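Reviewing the structure listed below.
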Amino acid sequence: PERDQPHGWRSKLQLIDLVRDQHIVLAPRDVDQYGRIVAYVWVGDLEINRELVKRGAAWFYPEYAESDALYEEEERARAAKQGLWALPASKRIEPWEWRRRARASRERPREGVKSSGK
């Protein structure tokens, strides 16, 4: 989740707990449309991406999946109501949807404010 959405800070803290003071290995997969590196993250034998999904601290994003493993971890986390899956459904908004709504909100003229037309 994004930091400003429900469970965002909790997820960030879980990530920090997993990687703080550890030797991290990144396996880059891609660069997304925002210029961010998409990578698998490892601390020893622990795949951090998978662990976060397993804990309900991250969403599975199918675009970068190499197998169904993360999808299956997310399904188990959902069933067990782990992490963000314990939130009411109305609060569980995928980060990509959260960002889309935030962009739309910023682009929409505010009520009572006239556009300059420029």
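All residue names refer to the structure tokens as shown: chains lettered A, B, ... in order, residues numbered from 1 in each chain, ligands numbered from 1 in order.
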Against segment 15-29 of chain A, which residues of segment 51-101 of chain A fall within 9 Å? For each one I want the closest pair of atoms and the distance in Å (one decimal), counting only C-alpha atoms, rows by chain and increasing residue number, as JSON lines.
{"residue": "A:Glu51", "atom": "CA", "partner": "A:Leu18", "partner_atom": "CA", "distance": 8.9}
{"residue": "A:Leu52", "atom": "CA", "partner": "A:Leu15", "partner_atom": "CA", "distance": 7.2}
{"residue": "A:Ala57", "atom": "CA", "partner": "A:Leu15", "partner_atom": "CA", "distance": 8.4}
{"residue": "A:Tyr64", "atom": "CA", "partner": "A:Arg29", "partner_atom": "CA", "distance": 7.6}
### Task
List every residue of chain A that DSSP, applied to the backbone, labels as alpha helix (DSSP H), and write the result as a PyMOL selection string.
chain A and resi 8-19+48-54+69-80+95-107
### Task
Could you check which of A:Ala58, A:Ala102, A:Leu70, A:Ile93 is closest to Leu13 of chain A, using only C-alpha atoms?
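Distance minimum relative to Leu13 of chain A lands on A:Ala58.
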### Query
Between atom CA of Ile37 of chain A and atom CA of Ala65 of chain A, what is the spacing in Å?
14.7 Å
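Closest approach to Arg55 of chain A among A:Val31, A:Ala104, A:Ala79, A:Ala89: A:Ala79, based on only C-alpha atoms.
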#### Entry: Shortest interatomic distance to Leu87 of chain A - which of A:Glu2, A:Arg103, A:Gly8, A:Glu73, counting only C-alpha atoms
A:Gly8
